[in-house]
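model01.txt, holding compact mmCIF, C-alpha atoms:
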```txt
# COMPACT_ATOMS: atom_id res chain seq x y z
CA MET A 24 -23.28 -47.10 -102.92
CA SER A 25 -22.86 -50.00 -105.32
CA ILE A 26 -19.42 -48.66 -106.33
CA ILE A 27 -18.32 -48.71 -102.68
CA ASN A 28 -19.65 -52.26 -102.34
CA SER A 29 -17.80 -53.42 -105.43
CA ILE A 30 -14.57 -51.79 -104.15
CA LYS A 31 -15.07 -53.59 -100.81
CA GLU A 32 -15.63 -56.90 -102.61
CA THR A 33 -12.49 -56.34 -104.74
CA CYS A 34 -10.49 -55.59 -101.58
CA ARG A 35 -11.71 -58.78 -99.87
CA SER A 36 -10.88 -60.87 -102.91
CA LEU A 37 -7.43 -59.27 -103.36
CA GLY A 38 -6.72 -59.74 -99.67
CA LYS A 39 -7.42 -63.46 -99.91
CA ASN A 40 -5.50 -64.03 -103.13
CA ASN A 41 -3.53 -61.33 -104.96
CA LYS A 42 -2.26 -63.12 -108.07
CA PRO A 43 0.98 -61.69 -109.53
CA THR A 44 -0.69 -61.69 -112.95
CA TYR A 45 -3.27 -59.05 -111.92
CA VAL A 46 -0.89 -56.10 -111.69
CA VAL A 47 1.16 -56.89 -114.81
CA MET A 48 -1.99 -57.45 -116.89
CA ALA A 49 -3.48 -54.17 -115.62
CA ILE A 50 -0.27 -52.29 -116.50
CA ALA A 51 -0.14 -53.89 -119.97
CA ALA A 52 -3.82 -53.04 -120.62
CA VAL A 53 -3.42 -49.37 -119.66
CA LYS A 54 -0.17 -49.16 -121.62
CA GLY A 55 -1.87 -50.69 -124.64
CA ILE A 56 -4.40 -47.85 -124.60
CA CYS A 57 -2.26 -44.90 -123.43
CA ARG A 58 0.96 -45.39 -125.37
CA PRO A 59 -0.65 -45.47 -128.84
CA ALA A 60 -2.84 -42.53 -127.78
CA PHE A 61 0.21 -40.49 -126.72
CA THR A 62 1.98 -41.39 -129.95
CA MET A 63 -1.00 -40.31 -132.07
CA MET A 64 -1.20 -37.01 -130.17
CA ASP A 65 2.42 -36.13 -131.02
CA LYS A 66 2.16 -33.25 -133.48
CA THR A 67 5.84 -33.17 -134.46
CA GLU A 68 5.86 -36.68 -135.92
CA ASP A 69 5.10 -37.76 -139.48
CA PRO A 70 1.54 -39.27 -139.66
CA LYS A 71 2.78 -42.46 -141.33
CA THR A 72 5.41 -42.99 -138.64
CA LYS A 73 2.84 -42.22 -135.94
CA LYS A 74 0.42 -44.81 -137.32
CA TYR A 75 3.16 -47.42 -137.58
CA THR A 76 4.54 -46.77 -134.06
CA ALA A 77 1.09 -46.61 -132.42
CA LEU A 78 0.00 -49.88 -134.01
CA ARG A 79 3.24 -51.55 -133.03
CA GLU A 80 2.91 -50.39 -129.42
CA GLY A 81 -0.71 -51.53 -129.28
CA LEU A 82 0.15 -54.94 -130.73
CA THR A 83 3.03 -55.37 -128.26
CA GLU A 84 0.71 -54.88 -125.30
CA ALA A 85 -2.01 -57.00 -126.92
CA ILE A 86 0.53 -59.84 -127.05
CA ALA A 87 1.77 -59.12 -123.51
CA ILE A 88 -1.63 -59.52 -121.80
CA PRO A 89 -2.36 -63.15 -122.84
CA ALA A 90 1.33 -64.02 -122.49
CA TYR A 91 1.40 -62.91 -118.83
CA TRP A 92 -1.86 -64.71 -118.10
CA GLY A 93 -0.89 -67.89 -119.95
CA CYS A 94 2.63 -68.17 -118.51
CA GLY A 95 1.38 -67.46 -114.96
CA GLU A 96 -1.47 -69.94 -115.07
CA LEU A 97 0.53 -72.67 -116.82
CA ALA A 98 3.37 -72.38 -114.32
CA ALA A 99 0.90 -72.46 -111.41
CA LYS A 100 -0.64 -75.71 -112.72
CA LEU A 101 2.74 -77.41 -112.39
CA ALA A 102 2.57 -77.06 -108.59
CA ASN A 103 0.00 -79.86 -108.18
CA HIS A 104 2.19 -82.22 -110.19
CA VAL A 105 5.38 -81.42 -108.26
CA PHE A 106 4.06 -81.25 -104.66
CA LYS A 107 1.65 -83.80 -103.21
CA ASP A 108 1.24 -82.06 -99.85
CA GLU A 109 -1.72 -79.68 -100.18
CA ALA A 110 -0.26 -76.81 -98.13
CA LEU A 111 3.05 -76.93 -99.97
CA ALA A 112 1.30 -77.18 -103.34
CA LYS A 113 -0.78 -74.08 -102.54
CA ARG A 114 2.35 -72.09 -101.67
CA ALA A 115 4.22 -73.41 -104.69
CA GLU A 116 1.30 -72.39 -106.90
CA LYS A 117 1.78 -68.74 -105.93
CA ASN A 118 5.56 -68.96 -106.31
CA LEU A 119 5.38 -70.66 -109.69
CA MET A 120 2.88 -68.12 -110.96
CA PHE A 121 5.26 -65.33 -109.96
CA LEU A 122 8.18 -67.10 -111.67
CA GLY A 123 5.98 -67.63 -114.75
CA VAL A 124 5.23 -63.90 -114.91
CA CYS A 125 8.95 -63.08 -114.59
CA THR A 126 9.75 -65.53 -117.41
CA ALA A 127 7.04 -64.00 -119.58
CA ALA A 128 8.41 -60.49 -119.03
CA LEU A 129 12.03 -61.48 -119.63
CA VAL A 130 11.88 -64.07 -122.41
CA VAL A 131 8.43 -65.00 -123.76
CA ILE A 132 7.04 -61.55 -124.62
CA PRO A 133 10.18 -60.16 -126.35
CA GLY A 134 10.47 -63.44 -128.29
CA LEU A 135 6.79 -63.46 -129.29
CA CYS A 136 6.91 -59.80 -130.29
CA SER A 137 9.89 -60.18 -132.57
CA ALA A 138 8.34 -63.28 -134.16
CA VAL A 139 4.76 -62.06 -134.57
CA ILE A 140 4.71 -58.27 -134.95
CA LYS A 141 6.64 -57.93 -138.23
CA PRO A 142 4.49 -60.40 -140.21
CA ILE A 143 1.32 -58.73 -138.89
CA MET A 144 2.60 -55.27 -139.84
CA ASP A 145 3.53 -56.58 -143.29
CA LYS A 146 0.04 -58.08 -143.73
CA LEU A 147 -1.52 -54.77 -142.76
CA GLY A 148 0.60 -53.12 -145.45
CA LEU A 149 2.64 -51.11 -142.98
CA LYS A 150 6.11 -51.95 -144.21
CA ALA A 151 8.92 -49.98 -142.67
CA PRO A 152 11.94 -49.02 -144.80
CA VAL A 153 14.83 -51.48 -144.50
CA LYS A 154 17.98 -50.26 -142.75
CA GLY A 155 20.54 -48.78 -145.18
CA GLU A 156 18.25 -49.16 -148.18
CA LYS A 157 19.75 -47.37 -151.18
CA PRO A 158 17.62 -45.66 -153.86
CA GLN A 159 17.34 -47.78 -156.99
CA GLN A 160 19.66 -46.65 -159.78
CA GLN A 161 17.89 -46.62 -163.08
CA VAL A 162 19.73 -47.91 -166.13
CA GLN A 163 20.06 -44.98 -168.48
CA GLN A 164 20.55 -44.96 -172.21
CA PRO A 165 23.32 -42.81 -173.82
CA GLU A 166 20.64 -40.38 -175.17
CA GLN A 167 19.27 -39.92 -171.69
CA ALA A 168 22.80 -39.34 -170.47
CA GLN A 169 23.21 -36.33 -172.76
CA ALA A 170 19.99 -34.92 -171.33
CA VAL A 171 21.47 -35.27 -167.85
CA LEU A 172 24.48 -33.19 -168.96
CA ASN A 173 22.22 -30.42 -170.25
CA THR A 174 20.20 -30.07 -167.05
CA PRO A 175 21.47 -27.54 -164.50
CA GLN A 176 23.41 -29.02 -161.60
CA GLN A 177 21.29 -29.66 -158.56
CA PHE A 178 22.66 -29.51 -155.07
CA LYS A 179 21.18 -31.53 -152.30
CA LYS A 180 20.63 -29.78 -148.99
CA PRO A 181 23.13 -30.93 -146.35
CA ILE A 182 21.61 -33.16 -143.68
CA GLN A 183 21.01 -31.12 -140.57
CA GLN A 184 21.59 -32.58 -137.15
CA LYS A 185 19.23 -31.07 -134.62
CA ASP A 186 19.89 -31.17 -130.92
CA VAL A 187 16.27 -32.05 -130.24
CA TYR A 188 15.56 -35.79 -130.33
CA LYS A 189 13.14 -36.55 -133.10
CA PRO A 190 12.38 -40.22 -133.70
CA THR A 191 12.25 -41.21 -137.35
CA MET A 192 10.97 -44.33 -139.06
CA ASN A 193 14.56 -45.18 -140.04
CA GLY A 194 15.78 -44.74 -136.51
CA TYR A 195 12.91 -46.76 -135.15
CA MET A 196 13.57 -49.59 -137.53
CA ALA A 197 17.32 -49.52 -137.05
CA ARG A 198 16.79 -52.01 -134.26
CA PRO A 199 13.76 -53.97 -135.46
CA ASN A 200 14.24 -56.86 -133.12
CA MET A 201 14.57 -54.57 -130.12
CA SER A 202 11.70 -52.20 -130.52
CA GLY A 203 9.35 -54.78 -129.05
CA LEU A 204 11.41 -55.24 -125.93
CA ARG A 205 9.88 -52.53 -123.84
CA VAL A 206 6.80 -54.47 -123.05
CA GLY A 207 4.63 -54.94 -120.06
CA GLY A 208 5.79 -51.60 -118.84
CA LEU A 209 7.39 -52.73 -115.65
CA MET B 23 20.11 -79.26 -106.45
CA ILE B 24 16.59 -80.71 -106.67
CA ASN B 25 16.10 -80.08 -102.95
CA GLY B 26 17.18 -76.47 -103.42
CA ILE B 27 14.67 -75.96 -106.23
CA SER B 28 11.82 -77.55 -104.30
CA ASN B 29 12.72 -75.45 -101.23
CA LEU B 30 12.62 -72.32 -103.37
CA LEU B 31 9.29 -73.27 -104.94
CA SER B 32 7.69 -73.95 -101.56
CA SER B 33 9.34 -71.01 -99.80
CA SER B 34 6.95 -68.97 -97.67
CA GLN B 35 9.09 -65.87 -98.16
CA LEU B 36 8.77 -66.08 -101.95
CA ALA B 37 5.03 -66.67 -101.54
CA ASN B 38 4.77 -63.45 -99.51
CA ILE B 39 6.68 -61.57 -102.22
CA ALA B 40 4.46 -63.06 -104.94
CA GLN B 41 1.36 -61.87 -103.04
CA ASN B 42 2.78 -58.39 -102.49
CA THR B 43 2.26 -56.05 -105.46
CA THR B 44 5.09 -53.61 -104.72
CA GLN B 45 7.70 -56.27 -104.02
CA SER B 46 6.79 -58.38 -107.05
CA VAL B 47 6.76 -55.37 -109.39
CA ALA B 48 10.09 -54.14 -108.01
CA ILE B 49 11.68 -57.58 -108.49
CA GLU B 50 10.32 -57.91 -112.03
CA THR B 51 11.63 -54.46 -112.96
CA THR B 52 15.06 -55.24 -111.48
CA LEU B 53 15.19 -58.51 -113.43
CA LYS B 54 14.20 -56.70 -116.60
CA SER B 55 16.81 -53.98 -116.09
CA ILE B 56 19.50 -56.68 -115.94
CA GLY B 57 18.06 -59.32 -118.26
CA ARG B 58 16.92 -57.29 -121.25
CA PRO B 59 20.17 -55.31 -121.75
CA GLY B 60 21.96 -58.64 -121.26
CA PHE B 61 19.98 -60.26 -124.06
CA ILE B 62 20.68 -57.30 -126.33
CA LEU B 63 24.42 -57.50 -125.64
CA VAL B 64 24.45 -61.24 -126.37
CA ASP B 65 22.72 -60.78 -129.77
CA LYS B 66 25.27 -61.40 -132.52
CA ASP B 67 23.23 -59.93 -135.39
CA ILE B 68 23.61 -56.31 -134.29
CA ASP B 69 26.75 -54.19 -134.61
CA ALA B 70 28.63 -53.32 -131.41
CA ASP B 71 27.70 -49.60 -131.25
CA THR B 72 23.99 -50.21 -131.77
CA LYS B 73 24.06 -53.00 -129.17
CA GLN B 74 25.71 -50.74 -126.62
CA TYR B 75 23.26 -47.92 -127.34
CA ALA B 76 20.17 -50.14 -127.20
CA ALA B 77 21.33 -51.94 -124.04
CA ALA B 78 22.08 -48.65 -122.27
CA LYS B 79 18.72 -47.23 -123.35
CA GLU B 80 16.82 -50.28 -122.10
CA PHE B 81 18.73 -50.28 -118.79
CA LEU B 82 18.10 -46.57 -118.24
CA TYR B 83 14.39 -47.00 -119.04
CA GLN B 84 13.95 -49.83 -116.54
CA ALA B 85 16.07 -48.04 -113.93
CA THR B 86 13.93 -44.89 -114.34
CA CYS B 87 10.79 -46.99 -113.93
CA LEU B 88 12.14 -48.58 -110.76
CA GLY B 89 13.28 -45.23 -109.35
CA ILE B 90 9.92 -43.55 -109.95
CA TYR B 91 8.09 -46.55 -108.61
CA MET B 92 10.03 -46.77 -105.37
CA ALA B 93 10.27 -43.04 -104.75
CA LEU B 94 6.78 -41.86 -105.58
CA ILE B 95 4.27 -44.61 -106.05
CA VAL B 96 5.01 -46.89 -103.09
CA PRO B 97 4.89 -44.29 -100.27
CA ILE B 98 2.05 -42.20 -101.73
CA PHE B 99 -0.34 -44.95 -102.77
CA LYS B 100 0.40 -47.37 -99.95
CA LYS B 101 -0.19 -44.82 -97.21
CA GLY B 102 -2.88 -42.88 -99.06
CA GLY B 103 -4.80 -46.01 -100.02
CA PHE B 104 -4.84 -47.26 -96.43
CA LYS B 105 -6.09 -43.93 -95.08
CA LEU B 106 -8.76 -43.65 -97.78
CA ALA B 107 -9.99 -47.17 -97.13
CA LYS B 108 -9.91 -46.78 -93.32
CA ASN B 109 -11.71 -43.43 -93.15
CA HIS B 110 -14.04 -43.44 -96.15
CA ILE B 111 -14.60 -46.86 -97.73
CA PHE B 112 -14.62 -49.21 -94.74
CA LYS B 113 -15.20 -46.45 -92.14
CA ASN B 114 -13.14 -48.14 -89.40
CA THR B 115 -14.77 -51.56 -89.79
CA GLU B 116 -13.61 -55.04 -90.91
CA GLY B 117 -10.30 -54.78 -89.04
CA PHE B 118 -9.29 -51.23 -89.91
CA GLU B 119 -10.23 -50.09 -86.40
CA HIS B 120 -7.31 -52.10 -84.92
CA PHE B 121 -4.53 -50.47 -86.94
CA GLU B 122 -3.26 -46.92 -87.24
CA ASN B 123 -1.13 -47.41 -90.34
CA VAL B 124 0.05 -49.96 -92.91
CA LYS B 125 3.24 -50.74 -90.98
CA GLU B 126 1.26 -51.88 -87.93
CA TYR B 127 -1.01 -54.08 -90.04
CA MET B 128 1.88 -55.67 -91.96
CA HIS B 129 3.60 -56.49 -88.69
CA TYR B 130 0.46 -58.15 -87.35
CA ARG B 131 -0.06 -60.10 -90.59
CA LYS B 132 3.52 -61.37 -90.49
CA LEU B 133 3.02 -62.61 -86.92
CA ALA B 134 -0.36 -64.14 -87.76
CA SER B 135 1.23 -66.05 -90.66
CA ASN B 136 3.55 -67.88 -88.26
CA PRO B 137 2.03 -71.38 -87.89
CA SER B 138 3.25 -71.88 -84.29
CA VAL B 139 1.21 -70.07 -81.60
CA LYS B 140 4.11 -70.35 -79.15
CA ASN B 141 6.61 -68.75 -81.56
CA ARG B 142 4.10 -66.07 -82.43
CA LEU B 143 3.59 -65.00 -78.82
CA SER B 144 7.26 -65.19 -77.84
CA THR B 145 8.15 -62.96 -80.83
CA LEU B 146 5.45 -60.51 -79.80
CA ASP B 147 6.84 -60.35 -76.24
CA LYS B 148 10.37 -59.58 -77.45
CA GLU B 149 9.77 -57.06 -80.21
CA ILE B 150 10.27 -53.39 -79.50
CA TYR B 151 8.24 -50.77 -81.38
CA SER B 152 10.32 -47.75 -80.39
CA GLU B 153 12.23 -46.63 -77.27
CA ASN B 154 10.64 -48.17 -74.15
CA ILE B 155 7.53 -49.23 -76.11
CA LEU B 156 6.92 -52.88 -76.88
CA VAL B 157 5.00 -53.91 -79.97
CA LYS B 158 2.46 -55.81 -77.84
CA ASP B 159 1.57 -52.55 -76.07
CA LYS B 160 0.37 -51.16 -79.40
CA TYR B 161 -1.87 -54.19 -79.97
CA ASP B 162 -5.39 -54.09 -78.56
CA ASP B 163 -7.08 -57.01 -76.79
CA THR B 164 -8.76 -58.29 -79.96
CA LEU B 165 -5.45 -58.59 -81.78
CA ARG B 166 -3.76 -60.32 -78.81
CA LYS B 167 -6.63 -62.79 -78.54
CA GLU B 168 -6.51 -63.45 -82.29
CA LEU B 169 -2.80 -64.26 -82.09
CA GLU B 170 -3.52 -66.87 -79.42
CA LYS B 171 -5.86 -68.72 -81.78
CA GLU B 172 -4.71 -71.61 -83.99
CA LYS B 173 -5.90 -69.78 -87.12
CA PRO B 174 -5.95 -66.05 -86.40
CA ASN B 175 -8.00 -63.60 -88.44
CA LYS B 176 -5.67 -61.93 -90.95
CA PHE B 177 -8.14 -59.14 -91.81
CA ASP B 178 -8.02 -59.72 -95.56
CA SER B 179 -9.97 -56.54 -96.32
CA VAL B 180 -7.11 -54.42 -94.99
CA LYS B 181 -4.56 -56.32 -97.04
CA GLY B 182 -6.82 -56.10 -100.09
CA ALA B 183 -7.23 -52.32 -99.72
CA VAL B 184 -3.45 -51.88 -99.58
CA GLU B 185 -2.96 -54.14 -102.61
CA LEU B 186 -5.68 -52.41 -104.62
CA SER B 187 -4.14 -48.99 -104.04
CA ASN B 188 -0.72 -50.43 -104.94
CA ILE B 189 -2.10 -51.85 -108.20
CA ILE B 190 -3.65 -48.47 -109.09
CA GLY B 191 -0.36 -46.74 -108.23
CA SER B 192 1.66 -49.24 -110.26
CA VAL B 193 -0.57 -48.76 -113.30
CA LEU B 194 -0.45 -44.97 -113.11
CA GLY B 195 3.26 -44.88 -112.39
CA LEU B 196 4.53 -47.46 -114.82
CA ALA B 197 2.09 -47.08 -117.71
CA ILE B 198 1.67 -43.29 -117.73
CA LEU B 199 4.23 -41.44 -115.60
CA ALA B 200 7.42 -43.47 -116.16
CA PRO B 201 7.42 -43.36 -120.01
CA GLN B 202 7.01 -39.56 -119.93
CA VAL B 203 9.77 -39.04 -117.36
CA SER B 204 12.12 -41.53 -119.02
CA HIS B 205 11.62 -39.80 -122.41
CA ALA B 206 12.90 -36.58 -120.87
CA PHE B 207 15.68 -38.25 -118.89
CA ILE B 208 17.10 -40.97 -121.15
CA HIS B 209 18.42 -38.85 -124.04
CA PRO B 210 20.39 -36.38 -121.87
CA ALA B 211 21.74 -39.37 -119.93
CA LEU B 212 22.80 -41.15 -123.13
CA LYS B 213 24.37 -37.91 -124.36
CA PHE B 214 26.27 -37.62 -121.06
CA LEU B 215 27.54 -41.18 -121.50
CA GLY B 216 28.64 -40.32 -125.05
CA LEU B 217 26.37 -42.95 -126.59
CA GLU B 218 23.86 -40.59 -128.24
CA ASP B 219 26.60 -38.82 -130.30
CA LYS B 220 28.01 -42.15 -131.45
CA ASN B 221 24.60 -43.29 -132.61
CA LYS B 222 23.95 -39.94 -134.36
CA LYS B 223 27.31 -40.23 -136.13
CA ASN B 224 26.39 -43.70 -137.37
CA ASN B 225 23.01 -42.45 -138.61
CA THR B 226 24.69 -39.49 -140.40
CA GLN B 227 27.20 -41.80 -142.08
CA GLN B 228 24.35 -44.05 -143.16
CA ALA B 229 22.35 -41.10 -144.52
CA GLN B 230 25.40 -39.76 -146.36
CA GLN B 231 25.97 -43.16 -147.95
CA ILE B 232 22.39 -43.15 -149.18
CA ALA B 233 22.60 -39.57 -150.44
CA LYS B 234 26.02 -39.99 -152.15
CA PRO B 235 24.86 -41.33 -155.55
CA GLN B 236 22.53 -38.32 -155.95
CA GLN B 237 25.28 -35.82 -155.16
CA ASN B 238 27.41 -36.79 -158.14
CA SER B 239 27.82 -34.07 -160.74
CA PRO B 240 26.14 -34.63 -164.15
CA LYS B 241 29.60 -35.19 -165.65
CA GLN B 242 30.35 -37.96 -163.18
CA GLN B 243 26.94 -39.47 -163.84
CA LEU B 244 27.64 -39.48 -167.57
CA ASN B 245 31.04 -41.12 -167.03
CA LYS B 246 29.36 -43.81 -164.90
CA ILE B 247 26.78 -44.53 -167.58
CA VAL B 248 29.29 -44.58 -170.47
```
Just give me the structure of the file as C-alpha cells.
Amino acid sequence: MSIINSIKETCRSLGKNNKPTYVVMAIAAVKGICRPAFTMMDKTEDPKTKKYTALREGLTEAIAIPAYWGCGELAAKLANHVFKDEALAKRAEKNLMFLGVCTAALVVIPGLCSAVIKPIMDKLGLKAPVKGEKPQQQVQQPEQAQAVLNTPQQFKKPIQQKDVYKPTMNGYMARPNMSGLRVGGL
Amino acid sequence: MINGISNLLSSSQLANIAQNTTQSVAIETTLKSIGRPGFILVDKDIDADTKQYAAAKEFLYQATCLGIYMALIVPIFKKGGFKLAKNHIFKNTEGFEHFENVKEYMHYRKLASNPSVKNRLSTLDKEIYSENILVKDKYDDTLRKELEKEKPNKFDSVKGAVELSNIIGSVLGLAILAPQVSHAFIHPALKFLGLEDKNKKNNTQQAQQIAKPQQNSPKQQLNKIV
C-alpha cells in the first residue's frame, strides 16, 4: 500500500514540475551501474582490460550525474536575474534548465571526462599502453651479439585478423580523448 | 538579437518541451548525434581516418539510440504507463476517469494551458476529433466546466503518471537496451561503409611496425649491433 502511495506522490510531483535533469540523471545513474557490470561479465575480454574499461565507464557516469545537475540548476538560477516578471521568469527557469542540460551533454561532460579521467586512472595505477609504443631495444655488447647468432632463429606468429570484433586495450586507447564521449547515455 | 534570445528563453513552447520527457530526450539525442561527431571532426590532434571512424561510430550510436527510443520506448511506455496508472494505481480517480487515452489528456492539457478563456473555448468549438465528431463531444461536463474557469484543473497526477512511465522507459531503453543493440548494429554498419576495414588496416600496420624489430634475423641483429 505504501508503495502505491509513494508512486502516487511521485506522479503528483512530476506532474507539477518535471525537471529536465531528472531523466538524464536517472539514465546516467543506471548506466553507471549497468555498463561496468556488463563489461565485467564479458568472458572473452582480458581481465585487465575489463577492469580498466569498467572503471572508466563508471567514472564517466559518476562525472555525468553532478555535471547534469550542476549545469541545469546553475542555468535555471540565471532566469531570475534576466527576467523581472515572475511568470516569464518561471517559464525561463524551465527553458534555461533544459538548455543547461543540453550544454552539459554536448560540451561540459566530454570536456570534464577528458580532463579528469586520465589523471584519476593514472593515480589508481591503471595506466593504459600508449598508442604506437615500441618495445625498448636493449643495448647489447659484442659478446652478447655472438650469443644471439648461436641461438636458433625464432619466428613470430603472423598477426591474425578475426572477423569478430574484439575490443583490445590498444584499440580502446587509440582514441583516448574520445572514449569518454559516450556519456549520459542519451 | 537580444529580443530573439529573450523570446526563446521565455517561449511557452520550449517550456512544454522541457517539461516533456520524451521530447526533451529526443532533442538531446538529436543534438548529440550532430554535435559530438562534429566535435570529433574538428579535433586537429587526431589523424583523418581515425576521426572519420570515431565520428561515424558516435553518430551511428546516437542514431541507434534515437531510433530505439522513438520506435519502442515512446509508444509502449507512454500508452502502457497511462493504462497501468488509470486501471491499477489511481483506479479511475484524480482525473483519470475523464480521459480514455494519453492523446485525449494531452489535448485537454494544451487547451487548459491557454491563458485566454475565450481562445480556449473557440478552439474547442472548431476542432474536429475524427469524421463528423467534434473534440468537444468527447469532453464530459466536468472538463467543459473546467475550461471555462480562469485557472482550470490540469490534472497533474495524469501528467505525472505519463512522465514517470516515460522516465522508466527512457532509462531502460537508453541505459540497457540501446548499448546492446548498437553493439550488434554499429560494426556491420561501419563495415558496410568501408570504415571498419580502414581502421583494421591501420591497426595491422601499427602492429606490424611494433613487431618488425623482433622479426629481424639474428644476422641482421648482429649487423645492427656491430
- Task: Output the contact residues of chain B with respect to chain A at a cut-off of 6 Å, based on all atoms listed in the file, as a list in words.
- Result: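 Listing them in order of chain and number gives Leu31, Ser32, Ala37, Ala40, Gln41, Glu50, Thr51, Asp178, Ser179, Lys181, Gly182, Ala183, Ile189, Val193, Leu196, Ala197, Ile232, Pro240 and Leu244 of chain B.
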Could you save the residues just selected, with C-alpha atoms, as a PDB file, keeping the file's coordinate frame?
```
ATOM      1  CA  LEU B  31       9.290 -73.270-104.940  1.00  0.00           C
ATOM      2  CA  SER B  32       7.690 -73.950-101.560  1.00  0.00           C
ATOM      3  CA  ALA B  37       5.030 -66.670-101.540  1.00  0.00           C
ATOM      4  CA  ALA B  40       4.460 -63.060-104.940  1.00  0.00           C
ATOM      5  CA  GLN B  41       1.360 -61.870-103.040  1.00  0.00           C
ATOM      6  CA  GLU B  50      10.320 -57.910-112.030  1.00  0.00           C
ATOM      7  CA  THR B  51      11.630 -54.460-112.960  1.00  0.00           C
ATOM      8  CA  ASP B 178      -8.020 -59.720 -95.560  1.00  0.00           C
ATOM      9  CA  SER B 179      -9.970 -56.540 -96.320  1.00  0.00           C
ATOM     10  CA  LYS B 181      -4.560 -56.320 -97.040  1.00  0.00           C
ATOM     11  CA  GLY B 182      -6.820 -56.100-100.090  1.00  0.00           C
ATOM     12  CA  ALA B 183      -7.230 -52.320 -99.720  1.00  0.00           C
ATOM     13  CA  ILE B 189      -2.100 -51.850-108.200  1.00  0.00           C
ATOM     14  CA  VAL B 193      -0.570 -48.760-113.300  1.00  0.00           C
ATOM     15  CA  LEU B 196       4.530 -47.460-114.820  1.00  0.00           C
ATOM     16  CA  ALA B 197       2.090 -47.080-117.710  1.00  0.00           C
ATOM     17  CA  ILE B 232      22.390 -43.150-149.180  1.00  0.00           C
ATOM     18  CA  PRO B 240      26.140 -34.630-164.150  1.00  0.00           C
ATOM     19  CA  LEU B 244      27.640 -39.480-167.570  1.00  0.00           C
TER      20      LEU B 244
END
```
- Got a sec: who's within 8 Å of Ile86 in chain A, counting all atoms listed in the file, leaving out chain neighbours fewer than 5 positions off, as number ranges by chain? A: 132, 135-136
- Task: Would you please work out which residue, of B:Ser33, B:Ser138, B:Ser187, B:Asn25, is nearest to Gly102 in chain B when using all atoms listed in the file?
- Result: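 Under the stated criterion, the closest residue is B:Ser187.
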- Item | d(CA of Pro137 in chain B, CA of Pro174 in chain B) in Å |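 That distance, rounded to one decimal, is 9.7 Å.
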- Task: Between B:Asn114, B:Asn109, B:Asn29, B:Asn123, single out the one closest to Lys160 in chain B, counting all atoms listed in the file.
- Result: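 Closest candidate: B:Asn123.
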- Coordinates-based distance that separates CA of Thr115 in chain B from CA of Lys132 in chain B (Å, one decimal):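 Result for CA of Lys132 in chain B versus CA of Thr115 in chain B: 20.8 Å, one decimal.
Closest approach to Ala48 in chain B from the set B:Ser152, B:Thr86, B:Thr145, B:Thr164 is made by B:Thr86, with distances taken over only C-alpha atoms.
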- Message: Using Å and a single decimal, report how far CA of Glu96 in chain A sits from CA of Asn136 in chain B.
- Response: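 The value is 27.4 Å.
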- Return the single residue from B:Thr44, B:Lys171, B:Tyr161, B:Lys213 that is closest to Met92 in chain B, with distances computed using all atoms listed in the file.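 Nearest candidate to Met92 in chain B out of B:Thr44, B:Lys171, B:Tyr161, B:Lys213: B:Thr44.
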- Query: Pick from A:Arg79, A:Lys107, A:Lys73, A:Lys100: nearest to Ile140 in chain A, with only C-alpha atoms counted?
  - Reply: A:Arg79
